[in-house]
file work.cif (mmCIF, C-alpha atoms and all ligand atoms)
data_model
#
loop_
_atom_site.label_atom_id
_atom_site.label_comp_id
_atom_site.auth_asym_id
_atom_site.auth_seq_id
_atom_site.Cartn_x
_atom_site.Cartn_y
_atom_site.Cartn_z
CA MET A 11 32.21 174.50 75.42
CA LEU A 12 31.17 178.19 75.52
CA SER A 13 33.76 180.89 75.93
CA PHE A 14 33.33 183.25 78.86
CA ASP A 15 32.31 186.08 76.54
CA GLU A 16 29.75 183.91 74.74
CA ALA A 17 28.28 182.79 78.06
CA LEU A 18 28.05 186.37 79.33
CA GLN A 19 26.51 187.51 76.06
CA LYS A 20 23.91 184.73 76.23
CA LEU A 21 23.11 185.52 79.85
CA LEU A 22 22.65 189.22 79.17
CA SER A 23 20.62 188.75 76.02
CA GLY A 24 18.23 186.44 77.86
CA CYS A 25 17.69 189.02 80.58
CA GLN A 26 14.48 191.03 80.96
CA PRO A 27 15.17 193.96 83.27
CA VAL A 28 12.56 195.02 85.81
CA THR A 29 10.47 197.99 84.70
CA GLU A 30 8.30 199.02 87.67
CA THR A 31 9.27 202.46 88.82
CA LYS A 32 8.58 204.49 91.92
CA ALA A 33 9.47 207.94 93.14
CA MET A 34 12.02 207.71 95.93
CA PRO A 35 13.10 210.56 98.20
CA THR A 36 16.56 211.51 96.95
CA ILE A 37 18.00 211.14 100.46
CA ALA A 38 17.07 207.42 100.39
CA ALA A 39 17.86 206.70 96.74
CA ALA A 40 21.55 205.77 96.96
CA GLY A 41 22.02 202.14 95.94
CA ARG A 42 18.92 202.15 93.75
CA VAL A 43 18.84 202.14 89.95
CA LEU A 44 17.68 205.30 88.23
CA ALA A 45 14.75 204.64 85.89
CA GLU A 46 14.94 207.81 83.76
CA ALA A 47 17.63 210.31 82.85
CA GLN A 48 17.57 213.43 85.02
CA TYR A 49 18.10 217.01 83.86
CA SER A 50 18.78 220.24 85.66
CA THR A 51 16.51 223.23 85.38
CA LEU A 52 19.07 225.34 87.26
CA SER A 53 22.56 226.73 86.97
CA VAL A 54 24.94 225.41 89.60
CA PRO A 55 26.24 227.55 91.11
CA PRO A 56 23.26 229.82 90.58
CA LEU A 57 25.36 233.03 90.67
CA ASP A 58 29.01 233.98 90.35
CA ASN A 59 30.31 233.54 93.88
CA SER A 60 33.42 233.81 95.95
CA ALA A 61 35.74 230.82 96.35
CA MET A 62 37.45 232.49 99.34
CA ASP A 63 36.92 234.58 102.42
CA GLY A 64 38.37 237.96 101.42
CA TYR A 65 37.57 241.13 99.50
CA ALA A 66 35.77 241.55 96.17
CA VAL A 67 37.29 244.26 93.98
CA ARG A 68 37.49 245.60 90.48
CA SER A 69 40.87 244.30 89.31
CA ALA A 70 41.40 247.62 87.52
CA ASP A 71 41.41 249.29 90.96
CA VAL A 72 44.30 247.13 92.24
CA MET A 73 47.18 247.68 89.85
CA ALA A 74 49.89 247.62 92.51
CA VAL A 75 50.71 245.81 95.74
CA GLY A 76 49.78 247.93 98.76
CA THR A 77 46.68 249.55 97.26
CA THR A 78 44.33 250.75 100.01
CA LEU A 79 40.57 250.86 99.35
CA PRO A 80 37.55 251.76 101.47
CA VAL A 81 35.35 248.79 102.39
CA SER A 82 31.93 249.73 101.04
CA GLN A 83 29.84 246.72 102.05
CA ARG A 84 29.86 243.30 103.74
CA ILE A 85 28.45 240.23 101.91
CA PRO A 86 28.07 236.98 103.89
CA ALA A 87 26.98 233.77 102.10
CA GLY A 88 23.24 233.81 101.47
CA THR A 89 22.94 237.55 100.82
CA VAL A 90 23.24 239.49 97.58
CA GLY A 91 25.33 242.66 97.78
CA ALA A 92 24.88 245.97 96.02
CA HIS A 93 26.69 247.03 92.85
CA LEU A 94 30.34 247.60 93.83
CA GLN A 95 31.23 251.28 93.66
CA PRO A 96 34.45 251.82 91.67
CA GLY A 97 37.44 252.42 93.92
CA THR A 98 36.03 250.37 96.82
CA ALA A 99 36.25 246.78 98.09
CA ALA A 100 33.47 244.53 99.47
CA ARG A 101 34.17 242.28 102.44
CA ILE A 102 33.00 238.86 101.14
CA PHE A 103 32.81 235.28 102.40
CA THR A 104 33.08 231.90 100.68
CA GLY A 105 29.97 231.09 98.67
CA ALA A 106 28.58 234.62 98.76
CA PRO A 107 27.54 236.10 95.40
CA VAL A 108 30.17 238.38 93.91
CA PRO A 109 28.60 241.84 93.62
CA ALA A 110 27.99 243.28 90.17
CA GLY A 111 30.95 245.44 89.16
CA ALA A 112 33.54 243.27 90.95
CA ASP A 113 35.66 240.89 88.86
CA ALA A 114 38.11 239.42 91.39
CA VAL A 115 38.33 238.26 94.98
CA ILE A 116 41.46 238.79 97.04
CA MET A 117 41.89 236.13 99.70
CA GLN A 118 41.93 237.65 103.18
CA GLU A 119 45.43 236.31 103.88
CA ARG A 120 46.67 238.84 101.30
CA CYS A 121 44.87 241.79 102.94
CA GLU A 122 45.42 243.97 106.02
CA HIS A 123 43.04 246.19 107.93
CA ALA A 124 44.13 249.74 107.43
CA GLY A 125 42.06 251.51 110.05
CA ASP A 126 38.30 251.88 110.12
CA SER A 127 36.67 250.49 106.97
CA LEU A 128 39.89 250.48 104.99
CA VAL A 129 41.75 247.51 103.54
CA THR A 130 45.27 247.33 102.14
CA ILE A 131 45.71 244.72 99.42
CA ASN A 132 49.10 243.03 99.10
CA HIS A 133 48.41 241.21 95.84
CA VAL A 134 47.65 242.23 92.25
CA PRO A 135 44.69 240.10 91.12
CA LYS A 136 43.87 238.78 87.68
CA SER A 137 40.36 239.36 86.43
CA GLY A 138 38.23 236.39 87.51
CA GLU A 139 40.53 235.33 90.33
CA HIS A 140 38.82 233.24 93.07
CA ILE A 141 35.42 233.56 91.44
CA ARG A 142 33.33 230.45 90.79
CA ARG A 143 31.27 231.17 87.71
CA ALA A 144 27.51 230.67 87.57
CA GLY A 145 26.79 227.38 85.79
CA GLU A 146 30.40 226.17 85.84
CA ASP A 147 29.27 222.89 87.43
CA VAL A 148 25.86 222.48 85.78
CA ALA A 149 24.22 224.49 83.01
CA PRO A 150 20.41 224.72 82.80
CA GLY A 151 19.04 221.84 80.72
CA ALA A 152 22.13 219.66 81.20
CA GLN A 153 21.65 215.94 81.80
CA ILE A 154 22.97 215.23 85.27
CA LEU A 155 22.36 211.48 85.57
CA ALA A 156 21.73 208.77 82.99
CA ALA A 157 19.00 206.14 83.12
CA GLY A 158 20.34 202.82 84.34
CA ALA A 159 22.83 204.38 86.74
CA ARG A 160 23.24 202.73 90.12
CA LEU A 161 23.05 205.73 92.35
CA ARG A 162 26.17 206.36 94.38
CA PRO A 163 26.38 208.90 97.20
CA GLN A 164 27.89 211.49 94.84
CA ASP A 165 25.01 210.92 92.39
CA THR A 166 22.27 211.59 94.92
CA ALA A 167 24.26 214.61 96.14
CA PHE A 168 24.44 215.87 92.55
CA ALA A 169 20.68 215.40 92.13
CA ALA A 170 20.13 217.31 95.36
CA SER A 171 22.41 220.12 94.13
CA VAL A 172 19.98 220.83 91.30
CA GLY A 173 17.01 220.66 93.65
CA LEU A 174 15.61 217.21 92.87
CA ALA A 175 13.73 216.05 95.97
CA THR A 176 12.72 212.68 94.55
CA LEU A 177 14.14 210.37 91.91
CA PRO A 178 12.38 207.69 89.83
CA VAL A 179 13.97 204.35 90.72
CA LEU A 180 13.35 200.82 89.58
CA ARG A 181 12.03 198.31 92.05
CA ARG A 182 14.55 195.96 93.59
CA VAL A 183 15.08 192.59 91.99
CA ARG A 184 13.69 189.73 94.09
CA VAL A 185 15.97 186.74 94.26
CA ALA A 186 15.26 183.41 95.95
CA VAL A 187 18.24 181.27 96.92
CA PHE A 188 18.51 177.72 98.16
CA PHE A 189 21.29 175.26 98.75
CA THR A 190 21.64 171.58 98.00
CA GLY A 191 23.89 169.08 99.70
CA ASP A 192 22.92 166.65 102.46
CA GLU A 193 26.42 167.14 103.90
CA LEU A 194 25.70 170.77 104.73
CA ARG A 195 25.14 172.13 108.24
CA MET A 196 24.67 175.60 109.61
CA PRO A 197 27.26 177.19 111.89
CA GLY A 198 25.99 176.60 115.43
CA GLU A 199 24.96 173.05 114.57
CA PRO A 200 27.21 170.10 115.44
CA LEU A 201 29.34 168.79 112.58
CA PRO A 202 29.07 165.00 112.28
CA PRO A 203 31.71 163.06 110.32
CA GLY A 204 31.41 163.81 106.61
CA ALA A 205 29.53 167.06 107.11
CA ILE A 206 30.72 170.58 106.27
CA TYR A 207 29.33 174.00 106.97
CA ASN A 208 27.19 175.75 104.39
CA SER A 209 29.49 178.63 103.54
CA ASN A 210 27.91 179.36 100.15
CA ARG A 211 24.75 180.49 101.89
CA PHE A 212 26.66 183.29 103.57
CA ALA A 213 28.45 184.33 100.40
CA LEU A 214 25.40 184.33 98.15
CA VAL A 215 23.01 186.11 100.46
CA ALA A 216 25.52 188.89 101.13
CA LEU A 217 26.59 189.17 97.49
CA LEU A 218 22.99 189.61 96.40
CA GLU A 219 22.18 192.08 99.15
CA ASN A 220 25.24 194.10 98.14
CA LEU A 221 23.81 194.30 94.64
CA GLY A 222 20.61 195.78 96.03
CA CYS A 223 18.45 192.67 95.69
CA GLU A 224 15.65 191.61 97.99
CA VAL A 225 16.82 188.14 98.99
CA ARG A 226 14.50 185.29 100.00
CA ASP A 227 16.72 182.68 101.58
CA LEU A 228 14.99 179.29 101.46
CA GLY A 229 17.91 177.52 103.14
CA LEU A 230 18.95 173.93 102.67
CA VAL A 231 16.98 171.56 100.44
CA PRO A 232 17.44 167.78 100.75
CA ASP A 233 19.22 165.95 97.92
CA ASN A 234 16.15 164.39 96.31
CA LEU A 235 14.08 165.20 93.27
CA ASP A 236 10.73 165.92 94.90
CA ALA A 237 12.16 168.26 97.52
CA THR A 238 14.16 170.06 94.86
CA ARG A 239 11.10 170.49 92.63
CA ALA A 240 9.02 171.77 95.54
CA ALA A 241 11.75 174.22 96.46
CA LEU A 242 11.88 175.49 92.87
CA ARG A 243 8.13 176.10 92.84
CA ALA A 244 8.27 177.94 96.13
CA ALA A 245 11.25 179.96 94.92
CA ALA A 246 9.60 180.89 91.63
CA ALA A 247 6.49 182.34 93.23
CA ASP A 248 6.87 186.11 93.28
CA ASN A 249 10.62 186.18 92.52
CA ASP A 250 12.50 187.33 89.43
CA LEU A 251 15.42 184.99 89.81
CA ILE A 252 16.29 181.74 91.56
CA ILE A 253 19.90 180.96 92.39
CA THR A 254 21.03 177.63 93.80
CA SER A 255 24.38 176.22 94.79
CA GLY A 256 25.47 172.62 94.29
CA GLY A 257 23.89 169.66 92.59
CA VAL A 258 24.54 170.81 89.03
CA SER A 259 26.98 168.07 88.10
CA VAL A 260 25.59 164.87 86.69
CA GLY A 261 26.13 162.64 89.71
CA GLU A 262 23.29 160.55 91.12
CA GLU A 263 22.93 163.04 93.98
CA ASP A 264 22.66 166.01 91.64
CA HIS A 265 18.95 166.75 91.26
CA ILE A 266 18.96 170.33 90.07
CA LYS A 267 19.03 169.46 86.39
CA PRO A 268 16.05 167.06 86.27
CA ALA A 269 14.10 169.22 88.75
CA VAL A 270 14.45 172.41 86.68
CA GLU A 271 13.66 170.50 83.50
CA ALA A 272 10.48 169.22 85.14
CA GLU A 273 9.43 172.67 86.39
CA GLY A 274 10.53 174.75 83.43
CA ARG A 275 13.48 174.63 81.10
CA LEU A 276 17.21 174.34 81.49
CA ASP A 277 20.40 174.73 79.53
CA MET A 278 23.50 173.16 80.96
CA TRP A 279 26.42 175.28 79.95
CA LYS A 280 29.98 174.09 79.94
CA ILE A 281 31.87 177.34 80.09
CA GLY A 282 35.58 177.59 79.41
CA ILE A 283 36.41 179.19 82.76
CA LYS A 284 38.33 178.05 85.78
CA PRO A 285 37.13 177.84 88.47
CA GLY A 286 33.59 177.19 87.42
CA LYS A 287 32.81 175.28 84.26
CA PRO A 288 29.28 173.94 84.82
CA LEU A 289 26.62 176.60 85.06
CA ALA A 290 22.94 175.86 84.75
CA PHE A 291 20.79 178.56 83.21
CA GLY A 292 17.09 178.37 82.59
CA ALA A 293 13.70 179.33 83.94
CA VAL A 294 11.08 177.95 86.31
CA ARG A 295 7.45 178.49 85.36
CA VAL A 296 4.79 179.00 88.04
CA GLU A 297 1.26 180.19 87.33
CA GLY A 298 2.12 181.23 83.81
CA ARG A 299 5.12 183.39 84.67
CA ASP A 300 8.81 182.61 84.53
CA ALA A 301 11.49 183.16 87.12
CA ALA A 302 15.00 183.03 85.68
CA PHE A 303 17.14 180.24 87.09
CA ILE A 304 20.88 180.04 87.65
CA GLY A 305 22.47 176.98 89.23
CA LEU A 306 25.95 177.61 90.57
CA PRO A 307 28.51 174.91 91.27
CA GLY A 308 28.83 173.82 94.90
CA ASN A 309 32.55 174.33 95.35
CA PRO A 310 32.80 177.54 97.36
CA VAL A 311 35.46 179.21 95.19
CA SER A 312 33.69 178.17 92.00
CA ALA A 313 30.40 179.50 93.30
CA PHE A 314 32.00 182.79 94.43
CA VAL A 315 34.02 183.44 91.27
CA THR A 316 31.22 182.39 88.93
CA PHE A 317 28.91 184.71 90.79
CA LEU A 318 31.29 187.65 90.51
CA THR A 319 32.12 187.17 86.85
CA LEU A 320 28.82 185.95 85.34
CA VAL A 321 25.93 186.21 87.78
CA ARG A 322 26.76 189.72 88.96
CA PRO A 323 26.44 191.26 85.48
CA PHE A 324 23.21 189.32 84.95
CA VAL A 325 21.72 190.49 88.26
CA LEU A 326 22.76 194.08 87.57
CA ARG A 327 21.22 194.00 84.10
CA LEU A 328 18.06 192.43 85.56
CA SER A 329 18.03 195.35 88.02
CA GLY A 330 18.06 197.78 85.08
CA VAL A 331 21.73 198.73 85.34
CA ASP A 332 23.32 199.85 82.12
CA LYS A 333 27.04 199.38 82.79
CA VAL A 334 27.64 195.89 84.13
CA ARG A 335 31.28 195.29 83.29
CA PRO A 336 33.78 195.78 86.11
CA LYS A 337 36.78 198.00 85.56
CA SER A 338 40.06 196.14 85.34
CA TYR A 339 43.67 197.28 85.38
CA LEU A 340 46.87 196.11 83.75
CA LEU A 341 49.40 195.35 86.46
CA ARG A 342 52.86 193.84 86.45
CA ALA A 343 52.90 190.11 87.22
CA ASP A 344 55.28 189.41 90.08
CA TYR A 345 54.91 185.68 89.38
CA ASP A 346 55.40 183.09 86.68
CA TRP A 347 52.42 181.10 85.45
CA VAL A 348 53.99 178.36 83.42
CA ARG A 349 51.17 175.85 83.04
CA PRO A 350 48.10 177.86 82.10
CA ASP A 351 44.79 176.10 81.69
CA ALA A 352 43.13 175.84 78.29
CA ARG A 353 40.18 177.62 79.93
CA ARG A 354 40.11 181.29 80.90
CA GLU A 355 41.31 181.44 84.49
CA PHE A 356 40.24 183.83 87.20
CA LEU A 357 43.13 183.57 89.63
CA ARG A 358 42.91 184.83 93.17
CA ALA A 359 45.62 187.47 93.49
CA LEU A 360 47.05 190.11 95.79
CA THR A 361 48.43 193.50 94.87
CA ASN A 362 51.71 194.49 96.49
CA ASP A 363 53.16 197.84 97.51
CA ALA A 364 55.62 197.71 94.60
CA GLY A 365 52.82 198.10 92.05
CA GLY A 366 52.72 194.44 91.07
CA VAL A 367 50.34 191.56 91.54
CA GLU A 368 51.06 188.18 93.13
CA LEU A 369 49.07 184.97 93.05
CA PHE A 370 47.63 183.34 96.13
CA PRO A 371 49.65 180.11 96.36
CA SER A 372 46.70 177.73 96.38
CA GLN A 373 44.24 178.08 93.51
CA GLY A 374 42.05 175.04 94.31
CA SER A 375 38.31 175.50 93.83
CA GLY A 376 37.58 174.47 97.41
CA VAL A 377 40.14 176.81 98.99
CA LEU A 378 37.96 179.63 100.26
CA SER A 379 40.92 181.20 102.06
CA SER A 380 42.20 182.20 98.60
CA CYS A 381 39.19 184.52 98.24
CA VAL A 382 39.69 185.92 101.73
CA GLN A 383 43.40 186.65 101.33
CA ALA A 384 43.16 187.99 97.77
CA ASP A 385 42.43 191.56 96.69
CA GLY A 386 40.92 190.49 93.41
CA LEU A 387 41.16 188.28 90.36
CA VAL A 388 43.73 188.05 87.61
CA ASP A 389 41.83 187.44 84.39
CA ASN A 390 44.15 185.06 82.54
CA PRO A 391 43.27 184.31 78.89
CA PRO A 392 42.96 180.65 77.80
CA GLY A 393 46.37 179.02 77.45
CA GLN A 394 48.24 182.24 78.29
CA ALA A 395 51.55 181.59 80.07
CA VAL A 396 52.82 184.51 82.14
CA ALA A 397 56.40 185.42 82.96
CA ARG A 398 57.43 187.76 85.74
CA GLY A 399 57.22 191.34 84.49
CA ASP A 400 54.41 190.73 81.97
CA LEU A 401 51.32 192.90 82.25
CA VAL A 402 48.24 191.01 83.40
CA ARG A 403 44.63 192.09 83.74
CA PHE A 404 43.57 192.50 87.36
CA ILE A 405 39.98 193.03 88.54
CA PRO A 406 39.90 194.28 92.14
CA PHE A 407 37.27 192.80 94.42
CA SER A 408 36.21 196.37 95.13
CA GLU A 409 34.92 196.44 91.53
CA LEU A 410 33.10 193.15 91.94
CA LEU A 411 31.68 193.31 95.44
CA ASN A 412 29.22 196.12 95.02
P1 LIG B 1 28.26 169.68 94.27
O1 LIG B 1 28.27 170.79 93.25
O2 LIG B 1 26.95 169.53 94.95
O3 LIG B 1 28.75 168.40 93.66
O4 LIG B 1 29.31 170.10 95.39
C1 LIG B 1 30.67 170.25 95.07
C2 LIG B 1 31.49 170.47 96.32
O5 LIG B 1 31.10 171.67 96.94
C3 LIG B 1 31.32 169.39 97.36
O6 LIG B 1 32.56 169.18 98.00
C4 LIG B 1 30.32 169.99 98.34
O7 LIG B 1 30.42 169.46 99.62
C5 LIG B 1 30.70 171.44 98.30
N1 LIG B 1 29.56 172.28 98.60
C6 LIG B 1 28.35 172.20 98.00
N2 LIG B 1 27.52 173.12 98.49
C7 LIG B 1 28.23 173.83 99.41
C8 LIG B 1 27.89 174.91 100.28
N3 LIG B 1 26.67 175.46 100.27
N4 LIG B 1 28.85 175.39 101.10
C9 LIG B 1 30.09 174.83 101.09
N5 LIG B 1 30.44 173.81 100.31
C10 LIG B 1 29.54 173.30 99.47
MG MG B 2 26.06 168.16 96.16
#

call {"tool": "encode", "arguments": {"input": "work.cif", "output": "structure tokens", "more": "lines below"}}
Ligand code: AMP
Ligand code: MG
result
Amino acid sequence: MLSFDEALQKLLSGCQPVTETKAMPTIAAAGRVLAEAQYSTLSVPPLDNSAMDGYAVRSADVMAVGTTLPVSQRIPAGTVGAHLQPGTAARIFTGAPVPAGADAVIMQERCEHAGDSLVTINHVPKSGEHIRRAGEDVAPGAQILAAGARLRPQDTAFAASVGLATLPVLRRVRVAVFFTGDELRMPGEPLPPGAIYNSNRFALVALLENLGCEVRDLGLVPDNLDATRAALRAAAADNDLIITSGGVSVGEEDHIKPAVEAEGRLDMWKIGIKPGKPLAFGAVRVEGRDAAFIGLPGNPVSAFVTFLTLVRPFVLRLSGVDKVRPKSYLLRADYDWVRPDARREFLRALTNDAGGVELFPSQGSGVLSSCVQADGLVDNPPGQAVARGDLVRFIPFSELLN
């Protein structure tokens, strides 16, 4: 039996990230993986500028409340004013460059008009007040984004703020999925006795699309060896990864193992996790090139949780992402867990308004409602009993579902 950490380590070390790069318009690059670190050639902001609508002054000219100064110029955003004459104020607006000679901005709420072109200042400023300094956000030459970052909206905005019109991104990972189980039907089809709907198809396709993959959904494959082998060959052509659900146990109706062995190579991993346990990892070889293979268990909760905890980091690393571990948080257990499993458990759990975490009452591996009702997973170490009030490690779904 492999521990979770050993299994993850093996998965990641067997992973060959995509390398093909293309230039993407920055406006369309969110969600993509950055291929190379990016640097700024500029200062942001480019000039000292006003953080307020108000008046730019020399602080030495405003030593007392009620000082009245002539207004010598007007500087809207986008224009550069003249050198500020000592003993005068410049009308200035947010974002406008602070004129040379001025060292403070008085917000307009602290000023009064005092007749034509005169302003009375009801505040004694400190030098530097309400001025955003040139380069305080970004200095020239600074690295703004690291290679292997999955670009978030704030990242593409940051790239735009230093004038980058395009970004080098890695190509999307191509993933083929198919599903085994003669009992499976699609929603919209009648459900004869003994049949169930293919819910894993909906989970897997959406999970992979959320990770930025191009998904080729090959649908349901009959529970026999030849059909499974043919599906593997079709899935391997032109894809980086094949993911299947079901058929990885060693029952007579489980054909994934012999089919992958016939078309490539396979390791069956018994992993000390619950739900989950069997995970098939290997490769399918078509026309001299390999597509990685991962066979997930068929039970919907097992498939979902195994995907989130093991497949997600693998897919991210395959996509060229550097940081693949989700953030987790220590929260107070508002439950007792008296009979822990010897395996590491990922328990479906809900946070409450009192700052604690509660378990969904049914933790069965077929109970998909547990995943729907929960906010995330409690990561419970092997054999670890929990008493109310203990701190437990909680991974929110928001960390795992993107
Ligand atoms: P298997 O791994 O094929 O032995 O399947 C284990 C359990 O998961 C069985 O109860 C299957 O009916 C169920 N199952 C397998 N595939 C799916 C699927 N795609 N959607 C929902 N349930 C599934
Ligand atoms: Mg099956």

call {"tool": "atom_distance", "arguments": {"input": "work.cif", "atom1": "atom CA of A:Tyr65", "atom2": "atom CA of A:Leu52"}}
result
27.2 Å

call {"tool": "closest_atom_pairs", "arguments": {"input": "work.cif", "of": "chain A", "to": "ligand LIG 1 (chain B)", "cutoff": "8 Å", "atoms": "all atoms listed in the file", "output": "CSV"}}
result
residue,atom,partner,partner_atom,distance
A:Phe189,CA,B:LIG1,N3,5.6
A:Thr190,CA,B:LIG1,N2,6.1
A:Gly191,CA,B:LIG1,N2,5.6
A:Glu193,CA,B:LIG1,O7,6.3
A:Leu194,CA,B:LIG1,C8,6.5
A:Ala205,CA,B:LIG1,O7,7.9
A:Ile206,CA,B:LIG1,C9,6.7
A:Tyr207,CA,B:LIG1,C9,6.0
A:Asn208,CA,B:LIG1,N4,3.7
A:Ser209,CA,B:LIG1,N4,4.1
A:Asn210,CA,B:LIG1,N3,4.1
A:Arg211,CA,B:LIG1,N3,5.6
A:Ser255,CA,B:LIG1,N2,5.8
A:Gly256,CA,B:LIG1,O2,3.5
A:Gly257,CA,B:LIG1,O2,3.9
A:Val258,CA,B:LIG1,O1,5.6
A:Ser259,CA,B:LIG1,O3,5.8
A:Gly261,CA,B:LIG1,O3,7.5
A:Glu263,CA,B:LIG1,O2,7.7
A:Asp264,CA,B:LIG1,O2,6.5
A:Leu306,CA,B:LIG1,O1,7.7
A:Pro307,CA,B:LIG1,O1,4.6
A:Gly308,CA,B:LIG1,O1,3.5
A:Asn309,CA,B:LIG1,O5,3.4
A:Pro310,CA,B:LIG1,N5,5.3
A:Gly376,CA,B:LIG1,O5,7.1

call {"tool": "residues_around", "arguments": {"input": "work.cif", "residues": "A:Val367", "least_positions_apart": "2", "cutoff": "6 Å", "atoms": "all atoms listed in the file", "output": "list in words"}}
result
Ala343, Asp344, Leu360, Thr361 and Asn362 of chain A

call {"tool": "residues_around", "arguments": {"input": "work.cif", "residues": "A:Gly274", "least_positions_apart": "3", "cutoff": "6 Å", "atoms": "all atoms listed in the file", "output": "list in words"}}
result
Val270, Glu271, Ala293, Val294 and Arg295 of chain A

call {"tool": "residues_around", "arguments": {"input": "work.cif", "residues": "stretch 331-333 of chain A", "least_positions_apart": "4", "cutoff": "9 Å", "atoms": "only C-alpha atoms", "output": "PyMOL selection string"}}
result
chain A and resi 27+43-44+157-160+323+325-327

call {"tool": "residues_around", "arguments": {"input": "work.cif", "residues": "A:Leu18", "least_positions_apart": "2", "cutoff": "10 Å", "atoms": "only C-alpha atoms", "output": "PyMOL selection string"}}
result
chain A and resi 12-16+20-24+281+319-321+323-324

call {"tool": "atom_distance", "arguments": {"input": "work.cif", "atom1": "atom CA of A:Pro392", "atom2": "atom CA of A:Leu369"}}
result
17.0 Å

call {"tool": "closest_residue", "arguments": {"input": "work.cif", "among": "A:Gly91, A:Pro135, A:Pro96, A:Gly145", "to": "A:Ser50", "atoms": "only C-alpha atoms"}}
result
A:Gly145

call {"tool": "closest_residue", "arguments": {"input": "work.cif", "among": "A:Pro232, A:Pro202, A:Gly366, A:Pro86", "to": "ligand MG 2 (chain B)", "atoms": "only C-alpha atoms and all ligand atoms"}}
result
A:Pro232

call {"tool": "closest_residue", "arguments": {"input": "work.cif", "among": "A:Ala245, A:Asp63, A:Arg239, A:Ser380", "to": "A:Arg226", "atoms": "only C-alpha atoms"}}
result
A:Ala245
